[in-house]
Amino acid sequence: MNYLLVDTETVGLNPPKQGSGVVQIAWLELDMWGDVVDEHCHLINPEAPIHPEASKVHGILDADVVNSPKLSEVFNPEGPSIQISHNAVFDLRFVADRYENLKGSICTLNLARQFLPNAPNHKLATLVEFLGLSDYKAHDALGDVKATQELLKILMDITGKDLEALAAFCAVPKVVYTMPFGKFKGQPINQLPISYIRYFEDKDIDDNLRLAFDQQMKIRG
């Protein structure tokens with residue numbers, strides 16, 4: 001099994017109709033214990049315009065990547081693979097089709113919400129400060145994967161699981177009982193307005209929250 005810790009910087013929040021939409025990708029090859037075997041980082045020609053608001057976040061402009069390789073030229077994992085990301089739903093939206101055999105994912109954002117409930121919030125930058133992790137450059141793909149790898153190791157210590165066991169754990173949805181983010185953060189899901197739950201019907205959310213929302217939709221009719 002390949003364990004790849006991946007981060008992308010992109011043209012915006014959603015993949016474009018044409019092109020990958022990725023402007024930078026970094027990934028770490030990890031062993032089963034979460035230690036780094038190899039690292040990679042590339043600027044990518046997204047084959048689509050970069051939204052100005054996205055450039056404000058990661059600092060990458062169209063001119064910076066016009067002569068860079070396409071995603072398909074640098075990221076083509078072979079064999080069975082598990083992707084690890086902080087907010088895996090987002091990154092997989094852009095890169096899932098590059099895998100030969102994607103077997104699952106580990107989301108450190110979801111795990112942090114479960115096992116680090118006392119953090120002010122679960123954004124990567126917040127957790128870096130909260131846990132005293134190394135201060136890598138934020139919103140830079142390589143900086144973010146290195147910070148996420150340190151976070152992953154802490155989560156592995158807390159759970160007592162290696163990556164094989166952690167992947168199996170993440171593959172089984174767990175019902176969550178309180179809203180983990182947004183204006184209703186911390187409130188019981190069974191007390192959320194049904195209109196708010198319906199808002200997420202066509203949104204990309206993690207499997208745990210989807211299960212909780214689906215249950216509420218069935219209960220409330």
# chains A, B, ... in the order shown; residues from 1 in each chain; ligands from 1
>>> residues_around(residues="Gly186 in chain A", least_positions_apart="3", cutoff="12 Å", atoms="only C-alpha atoms", output="list in words")
Arg113, Pro117, Asn118, Pro120, Asn121, Val176, Tyr177, Thr178, Met179, Pro180, Phe181, Gly182, Lys183, Ile189, Asn190, Gln191 and Leu192 of chain A
>>> write_last_selection(atoms="N, CA, C and O atoms", output="tab-separated table (two decimals), in the first residue's frame")
chain	number	residue	atom	x	y	z
A	113	ARG	N	-10.88	16.85	14.63
A	113	ARG	CA	-12.17	17.19	15.25
A	113	ARG	C	-12.59	16.14	16.27
A	113	ARG	O	-13.18	16.47	17.30
A	117	PRO	N	-10.61	17.82	20.60
A	117	PRO	CA	-11.82	18.65	20.74
A	117	PRO	C	-11.57	20.00	21.42
A	117	PRO	O	-12.41	20.90	21.30
A	118	ASN	N	-10.47	20.15	22.12
A	118	ASN	CA	-10.21	21.39	22.85
A	118	ASN	C	-9.50	22.46	22.03
A	118	ASN	O	-9.26	23.56	22.52
A	120	PRO	N	-9.01	25.50	19.49
A	120	PRO	CA	-9.92	26.62	19.20
A	120	PRO	C	-10.74	26.40	17.94
A	120	PRO	O	-11.92	26.73	17.87
A	121	ASN	N	-10.10	25.89	16.91
A	121	ASN	CA	-10.76	25.38	15.71
A	121	ASN	C	-9.80	24.37	15.10
A	121	ASN	O	-8.73	24.11	15.67
A	176	VAL	N	-21.65	11.83	13.94
A	176	VAL	CA	-21.25	12.94	14.81
A	176	VAL	C	-22.52	13.55	15.39
A	176	VAL	O	-23.58	13.55	14.76
A	177	TYR	N	-22.42	14.05	16.61
A	177	TYR	CA	-23.61	14.52	17.32
A	177	TYR	C	-23.65	16.04	17.48
A	177	TYR	O	-24.70	16.58	17.83
A	178	THR	N	-22.52	16.70	17.24
A	178	THR	CA	-22.50	18.16	17.30
A	178	THR	C	-21.89	18.70	16.02
A	178	THR	O	-21.02	18.08	15.42
A	179	MET	N	-22.34	19.87	15.61
A	179	MET	CA	-21.87	20.48	14.38
A	179	MET	C	-20.42	20.90	14.57
A	179	MET	O	-20.10	21.64	15.50
A	180	PRO	N	-19.49	20.43	13.67
A	180	PRO	CA	-18.06	20.68	13.90
A	180	PRO	C	-17.57	22.03	13.39
A	180	PRO	O	-16.43	22.40	13.67
A	181	PHE	N	-18.38	22.80	12.66
A	181	PHE	CA	-17.90	24.06	12.10
A	181	PHE	C	-19.11	24.93	11.77
A	181	PHE	O	-20.27	24.52	11.88
A	182	GLY	N	-18.82	26.17	11.33
A	182	GLY	CA	-19.88	27.06	10.87
A	182	GLY	C	-20.59	27.79	11.98
A	182	GLY	O	-20.20	27.75	13.15
A	183	LYS	N	-21.69	28.46	11.63
A	183	LYS	CA	-22.40	29.32	12.60
A	183	LYS	C	-23.07	28.53	13.71
A	183	LYS	O	-23.40	29.10	14.76
A	189	ILE	N	-26.62	18.29	16.48
A	189	ILE	CA	-27.11	18.20	15.11
A	189	ILE	C	-28.61	17.97	15.09
A	189	ILE	O	-29.31	18.46	14.18
A	190	ASN	N	-29.15	17.29	16.10
A	190	ASN	CA	-30.60	17.05	16.10
A	190	ASN	C	-31.39	18.31	16.44
A	190	ASN	O	-32.63	18.30	16.40
A	191	GLN	N	-30.71	19.42	16.74
A	191	GLN	CA	-31.38	20.69	17.00
A	191	GLN	C	-31.14	21.72	15.90
A	191	GLN	O	-31.62	22.84	15.98
A	192	LEU	N	-30.39	21.33	14.85
A	192	LEU	CA	-30.14	22.25	13.75
A	192	LEU	C	-31.41	22.47	12.93
A	192	LEU	O	-32.21	21.54	12.77
>>> select_by_dssp(residues="range 13-105 of chain A", states="helix (DSSP H, G or I)", output="list in words")
Pro52, Glu53, Ala54, Ser55, Lys56, Val57, His58, Asp62, Ala63, Asp64, Val65, Leu71, Ser72, Glu73, Val74, Ala88, Val89, Phe90, Asp91, Leu92, Arg93, Phe94, Val95, Ala96, Asp97 and Arg98 of chain A
>>> closest_residue(among="A:His139, A:Arg98, A:His122, A:Arg210", to="Thr10 in chain A", atoms="only C-alpha atoms")
A:His139
>>> atom_distance(atom1="CA of His40 in chain A", atom2="CA of Trp27 in chain A")
5.4 Å
>>> select_by_dssp(residues="chain A", states="strand (DSSP E)", output="ChimeraX atom specification")
/A:2-10,22-30,36-43,80-85,101-107
>>> write_last_selection(atoms="N, CA, C and O atoms", output="short mmCIF file (atom, residue, chain, number, x, y, z; two decimals), in the first residue's frame")
data_model
loop_
_atom_site.label_atom_id
_atom_site.label_comp_id
_atom_site.auth_asym_id
_atom_site.auth_seq_id
_atom_site.Cartn_x
_atom_site.Cartn_y
_atom_site.Cartn_z
N ASN A 2 0.54 2.20 -0.87
CA ASN A 2 1.21 3.50 -0.86
C ASN A 2 0.44 4.45 0.06
O ASN A 2 -0.78 4.57 -0.06
N TYR A 3 1.16 5.12 0.94
CA TYR A 3 0.56 6.13 1.80
C TYR A 3 1.10 7.48 1.37
O TYR A 3 2.28 7.78 1.57
N LEU A 4 0.25 8.30 0.74
CA LEU A 4 0.68 9.57 0.18
C LEU A 4 -0.02 10.71 0.90
O LEU A 4 -1.26 10.82 0.88
N LEU A 5 0.76 11.57 1.52
CA LEU A 5 0.23 12.74 2.18
C LEU A 5 0.29 13.89 1.18
O LEU A 5 1.37 14.30 0.76
N VAL A 6 -0.88 14.38 0.77
CA VAL A 6 -0.99 15.27 -0.38
C VAL A 6 -1.60 16.60 0.01
O VAL A 6 -2.55 16.67 0.80
N ASP A 7 -1.07 17.68 -0.57
CA ASP A 7 -1.71 18.99 -0.46
C ASP A 7 -1.67 19.67 -1.83
O ASP A 7 -0.68 19.55 -2.56
N THR A 8 -2.75 20.38 -2.15
CA THR A 8 -2.80 21.12 -3.40
C THR A 8 -3.12 22.57 -3.14
O THR A 8 -3.84 22.91 -2.19
N GLU A 9 -2.58 23.43 -3.99
CA GLU A 9 -3.05 24.80 -4.12
C GLU A 9 -3.73 24.88 -5.48
O GLU A 9 -3.24 24.28 -6.45
N THR A 10 -4.84 25.58 -5.56
CA THR A 10 -5.70 25.46 -6.73
C THR A 10 -6.15 26.81 -7.28
O THR A 10 -5.90 27.86 -6.68
N VAL A 22 -5.17 22.58 -10.59
CA VAL A 22 -4.11 22.55 -9.56
C VAL A 22 -2.97 23.45 -10.00
O VAL A 22 -2.49 23.34 -11.14
N VAL A 23 -2.51 24.35 -9.13
CA VAL A 23 -1.39 25.24 -9.45
C VAL A 23 -0.11 24.82 -8.72
O VAL A 23 0.99 25.20 -9.12
N GLN A 24 -0.26 24.06 -7.65
CA GLN A 24 0.90 23.52 -6.93
C GLN A 24 0.46 22.25 -6.22
O GLN A 24 -0.65 22.18 -5.67
N ILE A 25 1.31 21.24 -6.27
CA ILE A 25 1.05 20.01 -5.53
C ILE A 25 2.31 19.58 -4.83
O ILE A 25 3.42 19.72 -5.35
N ALA A 26 2.13 19.10 -3.61
CA ALA A 26 3.24 18.48 -2.87
C ALA A 26 2.71 17.20 -2.25
O ALA A 26 1.54 17.12 -1.87
N TRP A 27 3.56 16.20 -2.21
CA TRP A 27 3.17 14.98 -1.52
C TRP A 27 4.38 14.33 -0.87
O TRP A 27 5.51 14.44 -1.35
N LEU A 28 4.12 13.71 0.27
CA LEU A 28 5.11 12.95 1.00
C LEU A 28 4.76 11.48 0.90
O LEU A 28 3.60 11.10 1.10
N GLU A 29 5.74 10.67 0.57
CA GLU A 29 5.55 9.21 0.64
C GLU A 29 5.89 8.79 2.06
O GLU A 29 6.99 9.07 2.56
N LEU A 30 4.95 8.13 2.71
CA LEU A 30 5.11 7.74 4.12
C LEU A 30 5.19 6.23 4.26
O LEU A 30 4.61 5.49 3.45
N VAL A 36 8.53 9.94 6.89
CA VAL A 36 8.70 10.34 5.50
C VAL A 36 9.75 9.47 4.80
O VAL A 36 10.88 9.34 5.28
N VAL A 37 9.35 8.90 3.67
CA VAL A 37 10.26 8.13 2.82
C VAL A 37 10.81 9.00 1.70
O VAL A 37 11.98 8.92 1.33
N ASP A 38 9.95 9.87 1.15
CA ASP A 38 10.37 10.75 0.06
C ASP A 38 9.41 11.92 0.00
O ASP A 38 8.28 11.85 0.51
N GLU A 39 9.86 13.04 -0.60
CA GLU A 39 8.98 14.20 -0.75
C GLU A 39 9.07 14.75 -2.16
O GLU A 39 10.09 14.62 -2.85
N HIS A 40 7.97 15.37 -2.61
CA HIS A 40 7.87 15.92 -3.95
C HIS A 40 7.10 17.23 -3.89
O HIS A 40 6.15 17.36 -3.11
N CYS A 41 7.46 18.18 -4.73
CA CYS A 41 6.72 19.43 -4.82
C CYS A 41 6.89 20.00 -6.22
O CYS A 41 8.02 20.06 -6.74
N HIS A 42 5.78 20.42 -6.83
CA HIS A 42 5.82 20.95 -8.19
C HIS A 42 4.82 22.10 -8.34
O HIS A 42 3.69 22.00 -7.85
N LEU A 43 5.23 23.14 -9.05
CA LEU A 43 4.27 24.08 -9.60
C LEU A 43 3.62 23.41 -10.80
O LEU A 43 4.27 22.66 -11.53
N PRO A 80 -2.14 0.20 -5.34
CA PRO A 80 -3.10 0.60 -4.32
C PRO A 80 -2.54 1.72 -3.44
O PRO A 80 -1.41 1.65 -2.98
N SER A 81 -3.37 2.74 -3.22
CA SER A 81 -2.89 3.93 -2.52
C SER A 81 -3.95 4.44 -1.55
O SER A 81 -5.15 4.35 -1.80
N ILE A 82 -3.47 5.00 -0.46
CA ILE A 82 -4.29 5.75 0.49
C ILE A 82 -3.80 7.20 0.46
O ILE A 82 -2.61 7.46 0.62
N GLN A 83 -4.73 8.14 0.24
CA GLN A 83 -4.35 9.55 0.29
C GLN A 83 -4.64 10.11 1.67
O GLN A 83 -5.70 9.86 2.25
N ILE A 84 -3.70 10.88 2.19
CA ILE A 84 -3.83 11.56 3.47
C ILE A 84 -3.79 13.05 3.20
O ILE A 84 -2.90 13.54 2.51
N SER A 85 -4.77 13.78 3.72
CA SER A 85 -4.81 15.23 3.53
C SER A 85 -5.53 15.87 4.69
O SER A 85 -6.32 15.23 5.39
N ASN A 101 -5.25 3.23 -8.45
CA ASN A 101 -6.09 2.39 -7.59
C ASN A 101 -6.18 3.03 -6.20
O ASN A 101 -5.46 2.65 -5.29
N LEU A 102 -7.08 4.00 -6.08
CA LEU A 102 -7.25 4.69 -4.81
C LEU A 102 -8.12 3.83 -3.90
O LEU A 102 -9.29 3.57 -4.20
N LYS A 103 -7.56 3.42 -2.77
CA LYS A 103 -8.25 2.50 -1.88
C LYS A 103 -8.97 3.21 -0.73
O LYS A 103 -9.74 2.57 0.00
N GLY A 104 -8.71 4.49 -0.54
CA GLY A 104 -9.34 5.20 0.56
C GLY A 104 -8.56 6.44 0.92
O GLY A 104 -7.60 6.82 0.24
N SER A 105 -8.98 7.08 2.00
CA SER A 105 -8.32 8.32 2.43
C SER A 105 -8.32 8.44 3.94
O SER A 105 -9.15 7.82 4.63
N ILE A 106 -7.38 9.21 4.43
CA ILE A 106 -7.30 9.59 5.84
C ILE A 106 -7.36 11.11 5.89
O ILE A 106 -6.55 11.78 5.25
N CYS A 107 -8.34 11.64 6.60
CA CYS A 107 -8.49 13.10 6.70
C CYS A 107 -8.08 13.56 8.09
O CYS A 107 -8.75 13.26 9.08
#
>>> residues_around(residues="range 61-69 of chain A", least_positions_apart="3", cutoff="7 Å", atoms="only C-alpha atoms", output="PyMOL selection string")
chain A and resi 23+43-45+49-50+55+73
>>> write_last_selection(atoms="N, CA, C and O atoms", output="PDB file, in the first residue's frame")
ATOM      1  N   VAL A  23      -2.515  24.354  -9.133  1.00  0.00           N
ATOM      2  CA  VAL A  23      -1.392  25.235  -9.449  1.00  0.00           C
ATOM      3  C   VAL A  23      -0.108  24.823  -8.719  1.00  0.00           C
ATOM      4  O   VAL A  23       0.994  25.197  -9.119  1.00  0.00           O
ATOM      5  N   LEU A  43       5.234  23.144  -9.048  1.00  0.00           N
ATOM      6  CA  LEU A  43       4.271  24.078  -9.596  1.00  0.00           C
ATOM      7  C   LEU A  43       3.621  23.413 -10.797  1.00  0.00           C
ATOM      8  O   LEU A  43       4.273  22.662 -11.530  1.00  0.00           O
ATOM      9  N   ILE A  44       2.336  23.683 -11.008  1.00  0.00           N
ATOM     10  CA  ILE A  44       1.559  22.994 -12.038  1.00  0.00           C
ATOM     11  C   ILE A  44       0.822  24.021 -12.907  1.00  0.00           C
ATOM     12  O   ILE A  44       0.247  24.982 -12.392  1.00  0.00           O
ATOM     13  N   ASN A  45       0.838  23.778 -14.198  1.00  0.00           N
ATOM     14  CA  ASN A  45      -0.017  24.553 -15.100  1.00  0.00           C
ATOM     15  C   ASN A  45      -1.435  24.011 -14.968  1.00  0.00           C
ATOM     16  O   ASN A  45      -1.711  22.879 -15.364  1.00  0.00           O
ATOM     17  N   PRO A  49      -7.659  29.647 -15.758  1.00  0.00           N
ATOM     18  CA  PRO A  49      -7.257  30.882 -15.070  1.00  0.00           C
ATOM     19  C   PRO A  49      -7.322  30.724 -13.550  1.00  0.00           C
ATOM     20  O   PRO A  49      -8.213  30.048 -13.024  1.00  0.00           O
ATOM     21  N   ILE A  50      -6.381  31.344 -12.865  1.00  0.00           N
ATOM     22  CA  ILE A  50      -6.391  31.345 -11.397  1.00  0.00           C
ATOM     23  C   ILE A  50      -7.277  32.486 -10.925  1.00  0.00           C
ATOM     24  O   ILE A  50      -7.100  33.640 -11.327  1.00  0.00           O
ATOM     25  N   SER A  55      -5.337  33.536  -5.684  1.00  0.00           N
ATOM     26  CA  SER A  55      -3.967  34.066  -5.709  1.00  0.00           C
ATOM     27  C   SER A  55      -3.644  34.834  -4.432  1.00  0.00           C
ATOM     28  O   SER A  55      -2.508  34.822  -3.956  1.00  0.00           O
ATOM     29  N   GLU A  73       1.432  15.064 -15.801  1.00  0.00           N
ATOM     30  CA  GLU A  73       2.841  14.795 -16.097  1.00  0.00           C
ATOM     31  C   GLU A  73       3.659  14.504 -14.841  1.00  0.00           C
ATOM     32  O   GLU A  73       4.768  13.987 -14.953  1.00  0.00           O
TER      33      GLU A  73
END
>>> residues_around(residues="Glu150 in chain A", least_positions_apart="6", cutoff="12 Å", atoms="only C-alpha atoms", output="PyMOL selection string")
chain A and resi 5+28+30+33-36+86+108+124+127-128+131-136+143-144+156-157
>>> residues_around(residues="Lys174 in chain A", least_positions_apart="4", cutoff="9 Å", atoms="only C-alpha atoms", output="JSON, numbers by chain")
{"A": [170, 207, 208, 209, 211, 212]}
>>> write_last_selection(atoms="N, CA, C and O atoms", output="PDB file, in the first residue's frame")
ATOM      1  N   CYS A 170     -10.897   5.134   9.433  1.00  0.00           N
ATOM      2  CA  CYS A 170     -11.506   6.237   8.696  1.00  0.00           C
ATOM      3  C   CYS A 170     -12.501   5.758   7.652  1.00  0.00           C
ATOM      4  O   CYS A 170     -13.376   6.520   7.228  1.00  0.00           O
ATOM      5  N   ASP A 207     -17.823  12.022   5.212  1.00  0.00           N
ATOM      6  CA  ASP A 207     -18.800  10.939   5.345  1.00  0.00           C
ATOM      7  C   ASP A 207     -19.457  10.909   6.715  1.00  0.00           C
ATOM      8  O   ASP A 207     -20.627  10.522   6.842  1.00  0.00           O
ATOM      9  N   ASN A 208     -18.720  11.299   7.758  1.00  0.00           N
ATOM     10  CA  ASN A 208     -19.281  11.278   9.105  1.00  0.00           C
ATOM     11  C   ASN A 208     -20.447  12.266   9.229  1.00  0.00           C
ATOM     12  O   ASN A 208     -21.515  11.929   9.741  1.00  0.00           O
ATOM     13  N   LEU A 209     -20.223  13.485   8.748  1.00  0.00           N
ATOM     14  CA  LEU A 209     -21.273  14.497   8.824  1.00  0.00           C
ATOM     15  C   LEU A 209     -22.420  14.155   7.881  1.00  0.00           C
ATOM     16  O   LEU A 209     -23.592  14.366   8.208  1.00  0.00           O
ATOM     17  N   LEU A 211     -23.476  11.188   7.151  1.00  0.00           N
ATOM     18  CA  LEU A 211     -24.269  10.159   7.812  1.00  0.00           C
ATOM     19  C   LEU A 211     -25.203  10.781   8.835  1.00  0.00           C
ATOM     20  O   LEU A 211     -26.388  10.436   8.917  1.00  0.00           O
ATOM     21  N   ALA A 212     -24.691  11.726   9.623  1.00  0.00           N
ATOM     22  CA  ALA A 212     -25.515  12.383  10.640  1.00  0.00           C
ATOM     23  C   ALA A 212     -26.651  13.172   9.998  1.00  0.00           C
ATOM     24  O   ALA A 212     -27.801  13.132  10.470  1.00  0.00           O
TER      25      ALA A 212
END
>>> atom_distance(atom1="CA of Ala171 in chain A", atom2="CA of Phe184 in chain A")
26.2 Å
>>> closest_residue(among="A:Gln215, A:Thr126, A:Asn87, A:Thr159", to="Asn110 in chain A", atoms="only C-alpha atoms")
A:Asn87
>>> atom_distance(atom1="CA of Thr148 in chain A", atom2="CA of Lys56 in chain A")
21.8 Å
>>> closest_residue(among="A:Leu152, A:Ala112, A:Val95, A:Met1", to="Phe75 in chain A", atoms="only C-alpha atoms")
A:Val95
